[in-house]
Every structure is written in structure tokens, then in C-alpha cells.
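First up is the structure itself, then whatever we jot down about it.
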Amino acid sequence: MKKLAITVVMALAASGVYAKDWTVIRFGVNPSYAPFESKASSGKLVGLDIDLGNAICAQLKVKCVWVENAWDGIIPALKAKKFDAILSSMSVTEKRLAQIDFSDKIYRSPSRLVAKKGAGILPTAEGLNGKRVGVEQGSTQETYAKTYWEPKGVTVIAYQNQDLVYQDLLAGRLDAALQDSVQAEVGFLKSAEGRDYVFAGPALHDTKTLGVGAAIGLRKEDTELKKILNGALTEIHKNGTFDKIQKKYFSFDIYN
């Protein structure tokens with residue numbers, strides 16, 4: 001009889017009868033990467049990802065909760081169930097796919113090097129030999145720089161967040177910084193502090209280390225949540241919400 005009861009419970013679970021009733025979705029975020037996620041002077045979380053997450057929750061008619069977490073520990077925190085998903089400009093890479101799953105793509109933006117005007121720096125191991133490059137700890141840019149540049153004489157320094165990278169770049173403790181190109185342009189180069197800095201060389205492309213676009217990070221076992229998030233993403237593209245959100249921040253299409 002006991003064996004029969006267990007079999008029935010397993011069958012009900014498989015059929016979705018015991019599927020979680022999502023009324024709240026908790027998104028993990030590291031708010032130091034404007035215009036994707038940052039804090040306003042009021043302390044309120046703002047940015048493309050914040051608007052996107054809130055739109056997803058509105059589409060699903062669930063409560064949206066944001067949980068702040070350091071970037072280098074955000075995947076362990078997801079796996080420890082401190083929140084349900086990561087919505088924080090996370091690129092999909094082979095390394096990350098070995099640990100977690102991802103939703104459909106939310107947008108795509110290449111990585112670029114930033115340096116002072118007239119520095120003559122290029123984003124190659126030769127062009128950066130003997131130089132100091134700042135990256136955000138745990139980022140795809142850190143992986144790229146430590147894979148291709150560090151073994152060839154480039155000093156790669158990782159910081160807990162992107163704001164600290166820019167602080168040392170402005171102070172002259174770094175020769176260049178490597179990060180997402182949109183983040184660099186909108187969050188730094190167009191600011192008063194970044195007026196003396198420019199993109200150094202072309203965008204970088206390497207699917208192995210830099211990934212194939214940003215998506216929402218999920219625990220591998222949360223297949224139901226992945227399904228409903230993908231459904232919500234499809235709907236906000238169809239009804240124009242995604243386009244409205246991106247036009248708030250950019251004059252170009254970040255999705256394609």
C-alpha cells in the first residue's frame with residue numbers, strides 16, 4: 001500500500017498537480033552596472049533589467065522582489081536558493097551552463113576596452129603588454145582577459161563591482177578597463193567623469209569566454225520557472241513592452 005501511495009504521489013508531481021504556484025519571483029541582482037542595473041540617489045533600483053523584470057512579473061501577475069548580491073557570488077547564491085533567478089546582465093557561457101540553466105536571450109551586447117584618449121592602447125595581448133586592465137570579478141570579461149591577455153604579460157585586476165573599476169581607472173591606477181560596450185558607453189563614457197576616455201579598438205567576440213548574449217540565470221531543476229519566464233518574454237516582445245523599455249535607455253535595438 002505504501003509503495004502504491006508513493007507511486008501516486010510521483011505521478012501527480014510529474015503531471016504538474018504539485019507544481020509550484022508562483023505568486024512571487026525573487027530576482028538576484030548586482031546593482032553596479034548602469035544602465036542595466038544601478039541605484040538611484042534615492043536608493044531605488046533602476047535600469048533596463050529592473051524594468052524588464054518588473055514587466056515580466058506584471059505579465060505573469062506575480063510580485064517581483066529584488067535581492068542584491070555581490071557579482072562574484074551570485075551563482076552560488078542562486079544555487080543556495082537565496083533567490084529564484086538571476087536578472088543582472090549575465091552572459092550565457094559554456095562555463096556557466098555547466099552550473100546553471102538560462103532563459104531565452106534577453107539582449108546582446110559585445111565587450112569593449114576603454115582607455116584614456118590618446119593612450120594608443122589596443123585590445124590585444126601585444127597592445128596591452130605591461131599594462132594594467134581592470135575587470136569586474138566573476139565577469140565574462142575577467143575570464144577573457146585572464147585567458148588571453150594575462151599569460152602574455154598583461155596585469156589583470158579584478159574588482160568586486162564595476163564602479164570600483166572606473167574609480168581606479170580615473171585615479172590612474174589602471175591603464176584600461178574591459179566591460180560590456182553598452183554599459184561603458186551609457187554608464188561611463190557619456191558621464192562627466194568619462195569625458196577624457198574612449199573605446200580603445202574594436203569590440204571583442206569570443207563565444208567560449210564572452211558568451212552568446214545575456215539571459216536570465218536559473219537553477220537547472222527549475223524547468224517550470226524557465227517555461228513561464230520564457231512565455232512572459234515572448235509576450236512582452238509581442239505586445240511591444242520590450243521595445244518600449246529598451247527605447248527608454250537606447251537609440252538602437254539591443255535585442256538583435
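Every chain in the C-alpha cells takes a letter, A first, then B, and so on in the order presented; its residues are numbered from 1, and the ligands are numbered from 1 following the presented order.
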So which residues touch Phe27 (chain A) within 10 Å, counting only C-alpha atoms, skipping near sequence neighbours fewer than 6 positions away, as a list in words? Ile50, Gly53, Asn54, Cys64, Val65, Trp66, Val67, Glu68, Leu78, Lys82, Phe83, Asp84, Ala85, Ile86, Leu87, Ser88, Ile216, Gly217 and Leu218 of chain A
Those residues you just picked out, can you put them in a file as a PDB file, in the first residue's frame with C-alpha atoms?
```pdb
ATOM      1  CA  ILE A  50      14.943  46.178 -13.396  1.00  0.00           C
ATOM      2  CA  GLY A  53      11.998  42.051 -14.541  1.00  0.00           C
ATOM      3  CA  ASN A  54       9.103  44.177 -13.333  1.00  0.00           C
ATOM      4  CA  CYS A  64       8.562  40.991  -8.119  1.00  0.00           C
ATOM      5  CA  VAL A  65      11.217  41.006  -5.359  1.00  0.00           C
ATOM      6  CA  TRP A  66      14.820  42.135  -5.950  1.00  0.00           C
ATOM      7  CA  VAL A  67      17.632  40.630  -3.890  1.00  0.00           C
ATOM      8  CA  GLU A  68      21.007  42.369  -4.065  1.00  0.00           C
ATOM      9  CA  LEU A  78      21.173  31.188  -6.753  1.00  0.00           C
ATOM     10  CA  LYS A  82      18.612  32.887  -1.817  1.00  0.00           C
ATOM     11  CA  PHE A  83      16.545  33.955  -4.829  1.00  0.00           C
ATOM     12  CA  ASP A  84      14.783  32.275  -7.770  1.00  0.00           C
ATOM     13  CA  ALA A  85      16.621  33.667 -10.799  1.00  0.00           C
ATOM     14  CA  ILE A  86      19.460  35.998 -11.799  1.00  0.00           C
ATOM     15  CA  LEU A  87      18.445  39.044 -13.825  1.00  0.00           C
ATOM     16  CA  SER A  88      21.625  41.106 -13.887  1.00  0.00           C
ATOM     17  CA  ILE A 216      18.056  35.072 -17.005  1.00  0.00           C
ATOM     18  CA  GLY A 217      20.020  32.571 -14.915  1.00  0.00           C
ATOM     19  CA  LEU A 218      18.086  29.680 -13.368  1.00  0.00           C
TER      20      LEU A 218
END
```
Which residues, written as a list of chain:residue names, have at least one atom at most 9 Å from Phe199 (chain A), with only C-alpha atoms counted and residues fewer than 2 positions away on the same chain left out? A:Arg112, A:Leu113, A:Val114, A:Ala115, A:Lys116, A:Lys117, A:Ser181, A:Ala184, A:Glu185, A:Leu189, A:Tyr197, A:Gly201, A:Pro202, A:Ala203
Residues from last step as file, all heavy atoms, as a short mmCIF file (atom, residue, chain, number, x, y, z; two decimals), in the first residue's frame:
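Just written: result_33.cif:
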```cif
data_model
loop_
_atom_site.label_atom_id
_atom_site.label_comp_id
_atom_site.auth_asym_id
_atom_site.auth_seq_id
_atom_site.Cartn_x
_atom_site.Cartn_y
_atom_site.Cartn_z
N ARG A 112 34.01 45.69 -24.83
CA ARG A 112 34.99 46.61 -25.41
C ARG A 112 35.91 47.16 -24.32
O ARG A 112 35.53 47.28 -23.15
CB ARG A 112 34.31 47.76 -26.15
CG ARG A 112 33.57 47.31 -27.40
CD ARG A 112 33.13 48.48 -28.25
NE ARG A 112 34.26 49.10 -28.94
CZ ARG A 112 34.12 50.10 -29.82
NH1 ARG A 112 32.91 50.57 -30.10
NH2 ARG A 112 35.18 50.61 -30.42
N LEU A 113 37.09 47.51 -24.75
CA LEU A 113 38.09 48.10 -23.87
C LEU A 113 37.93 49.61 -23.84
O LEU A 113 37.66 50.23 -24.88
CB LEU A 113 39.49 47.73 -24.38
CG LEU A 113 40.67 47.96 -23.44
CD1 LEU A 113 40.64 46.97 -22.29
CD2 LEU A 113 41.99 47.83 -24.21
N VAL A 114 38.10 50.20 -22.68
CA VAL A 114 38.06 51.65 -22.51
C VAL A 114 39.41 52.12 -21.99
O VAL A 114 39.98 51.51 -21.07
CB VAL A 114 36.94 52.06 -21.53
CG1 VAL A 114 37.11 53.50 -21.07
CG2 VAL A 114 35.58 51.89 -22.18
N ALA A 115 39.93 53.20 -22.56
CA ALA A 115 41.20 53.77 -22.12
C ALA A 115 41.17 55.29 -22.30
O ALA A 115 40.25 55.83 -22.94
CB ALA A 115 42.35 53.17 -22.91
N LYS A 116 42.17 55.96 -21.78
CA LYS A 116 42.24 57.42 -21.90
C LYS A 116 42.49 57.81 -23.35
O LYS A 116 43.19 57.12 -24.09
CB LYS A 116 43.35 57.97 -21.00
CG LYS A 116 43.13 59.42 -20.59
CD LYS A 116 43.93 59.76 -19.34
CE LYS A 116 43.47 61.11 -18.80
NZ LYS A 116 44.19 61.46 -17.56
N LYS A 117 41.94 58.94 -23.75
CA LYS A 117 42.14 59.44 -25.11
C LYS A 117 43.64 59.61 -25.40
O LYS A 117 44.39 60.13 -24.57
CB LYS A 117 41.44 60.78 -25.29
CG LYS A 117 39.93 60.71 -25.26
CD LYS A 117 39.31 62.10 -25.36
CE LYS A 117 37.78 62.04 -25.32
NZ LYS A 117 37.16 63.39 -25.34
N SER A 181 30.06 46.85 -23.76
CA SER A 181 30.18 48.10 -24.51
C SER A 181 29.05 49.09 -24.22
O SER A 181 29.29 50.30 -24.11
CB SER A 181 30.24 47.81 -26.01
OG SER A 181 29.06 47.18 -26.45
N ALA A 184 29.59 50.56 -20.80
CA ALA A 184 30.69 51.53 -20.83
C ALA A 184 30.26 52.85 -21.45
O ALA A 184 30.56 53.93 -20.93
CB ALA A 184 31.87 50.95 -21.60
N GLU A 185 29.53 52.77 -22.56
CA GLU A 185 29.13 53.98 -23.26
C GLU A 185 28.13 54.81 -22.46
O GLU A 185 28.33 56.01 -22.24
CB GLU A 185 28.53 53.64 -24.63
CG GLU A 185 28.14 54.87 -25.43
CD GLU A 185 27.67 54.54 -26.84
OE1 GLU A 185 27.56 53.35 -27.17
OE2 GLU A 185 27.41 55.49 -27.59
N LEU A 189 31.28 56.56 -20.42
CA LEU A 189 31.80 57.48 -21.42
C LEU A 189 30.93 58.72 -21.61
O LEU A 189 31.44 59.80 -21.92
CB LEU A 189 31.98 56.76 -22.76
CG LEU A 189 33.02 55.62 -22.77
CD1 LEU A 189 33.06 54.96 -24.16
CD2 LEU A 189 34.39 56.12 -22.37
N TYR A 197 37.86 59.73 -21.80
CA TYR A 197 38.09 58.33 -22.13
C TYR A 197 37.32 57.93 -23.38
O TYR A 197 36.29 58.53 -23.71
CB TYR A 197 37.71 57.44 -20.94
CG TYR A 197 38.62 57.65 -19.76
CD1 TYR A 197 38.43 58.73 -18.89
CD2 TYR A 197 39.69 56.80 -19.51
CE1 TYR A 197 39.27 58.96 -17.82
CE2 TYR A 197 40.54 57.02 -18.43
CZ TYR A 197 40.33 58.10 -17.60
OH TYR A 197 41.19 58.32 -16.55
N GLY A 201 40.05 50.50 -29.67
CA GLY A 201 39.97 49.38 -30.60
C GLY A 201 38.56 48.85 -30.77
O GLY A 201 37.60 49.36 -30.19
N PRO A 202 38.41 47.79 -31.57
CA PRO A 202 37.08 47.23 -31.88
C PRO A 202 36.50 46.37 -30.76
O PRO A 202 37.18 46.07 -29.77
CB PRO A 202 37.38 46.37 -33.11
CG PRO A 202 38.79 45.91 -32.90
CD PRO A 202 39.50 47.08 -32.28
N ALA A 203 35.25 45.99 -30.94
CA ALA A 203 34.58 45.10 -30.00
C ALA A 203 35.22 43.72 -30.03
O ALA A 203 35.80 43.30 -31.03
CB ALA A 203 33.10 44.99 -30.34
#
```
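Residues within 7 Å of region 151-167 of chain A, counting only C-alpha atoms and excluding same-chain residues fewer than 2 positions away, are A:Ser32, A:Tyr33, A:Ala125, A:Leu128, A:Asn129, A:Gly130, A:Lys131, A:Arg132, A:Val133, A:Gly134, A:Val135, A:Glu136, A:Gln137, A:Glu142, A:Ala145, A:Lys146, A:Tyr148, A:Trp149, A:Leu169, A:Leu170, A:Ala171, A:Ala177.
Across the structure, CA of Gln99 (chain A) and CA of Thr147 (chain A) are spaced 19.6 Å apart.
If only C-alpha atoms are the atoms counted, then among A:Ala80, A:Val92, A:Glu37, A:Val182 the closest residue to Asp104 (chain A) is A:Val92.
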Figure out the distance between CA of Ser109 (chain A) and CA of Ile254 (chain A), please, to one decimal in Å. 6.8 Å
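All residues of protein, DNA or RNA that reach within 9 Å of Val186 (chain A), judged by only C-alpha atoms and not counting those fewer than 6 positions away in the chain, are Ala34, Pro35, Tyr249 and Phe250 of chain A.
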Alpha helix (DSSP H) residues, from DSSP on the backbone, in region 133-251 of chain A, as an MDAnalysis selection string: chainID A and resid 140:144 162:170 181:184 207:210 223:238 241:249
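The spacing separating CA of Asn256 (chain A) from CA of Arg108 (chain A) amounts to 6.7 Å.
Checking A:Phe36, A:Val62, A:Gly194, A:Ala119 one by one against Thr23 (chain A), counting only C-alpha atoms, you find the shortest gap at A:Val62.
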Can you tell me, as a PyMOL selection string, what residues are no more than 9 Å from Ile56 (chain A) when counting only C-alpha atoms, ignoring any on the same chain fewer than 6 positions away? chain A and resi 62+64+229+232-233+235-236
Could you write out, as a PyMOL selection string, all the residues of region 2-245 of chain A that DSSP marks as strand (DSSP E or B)? chain A and resi 24-29+33+37-39+45-46+63-68+85-91+101-107+111-116+132-136+155-159+176-180+197-199+204+214-218
Report as a PyMOL selection string all protein, DNA and RNA residues lying within 10 Å of Tyr107 (chain A), evaluated on only C-alpha atoms, omitting residues in the same chain fewer than 5 positions from it. chain A and resi 89-91+212-215+246+253-256
Export of prior selection with N, CA and C atoms as a compact mmCIF listing (two decimals), in the first residue's frame:
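Once written, out15.txt looks like this:
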```
# COMPACT_ATOMS: atom_id res chain seq x y z
N SER A 89 22.23 41.26 -16.23
CA SER A 89 23.13 41.36 -17.38
C SER A 89 24.13 40.20 -17.42
N MET A 90 23.63 38.99 -17.20
CA MET A 90 24.51 37.81 -17.18
C MET A 90 24.57 37.16 -18.56
N SER A 91 25.79 37.06 -19.10
CA SER A 91 26.00 36.42 -20.39
C SER A 91 25.98 34.90 -20.27
N VAL A 212 27.13 34.22 -25.60
CA VAL A 212 26.30 34.42 -26.80
C VAL A 212 25.11 35.34 -26.52
N GLY A 213 25.26 36.24 -25.58
CA GLY A 213 24.16 37.13 -25.23
C GLY A 213 23.74 36.93 -23.79
N ALA A 214 23.00 37.90 -23.26
CA ALA A 214 22.55 37.84 -21.86
C ALA A 214 21.20 37.15 -21.75
N ALA A 215 20.99 36.49 -20.60
CA ALA A 215 19.72 35.80 -20.34
C ALA A 215 19.50 35.75 -18.83
N GLN A 246 13.40 49.22 -23.94
CA GLN A 246 14.74 49.46 -24.47
C GLN A 246 14.89 50.88 -25.03
N ASP A 253 18.60 48.92 -31.26
CA ASP A 253 17.97 47.66 -30.84
C ASP A 253 19.00 46.79 -30.15
N ILE A 254 18.90 46.66 -28.84
CA ILE A 254 19.87 45.85 -28.09
C ILE A 254 19.57 44.35 -28.17
N TYR A 255 18.35 44.03 -28.59
CA TYR A 255 17.99 42.60 -28.65
C TYR A 255 18.68 41.90 -29.82
N ASN A 256 18.71 42.54 -30.98
CA ASN A 256 19.30 41.93 -32.16
C ASN A 256 20.72 42.44 -32.43
```
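With only C-alpha atoms as the atoms that count, the minimum distance from Lys81 (chain A) to the choices A:Asn239, A:Thr207, A:Ile228, A:Ile25 is reached by A:Ile25.
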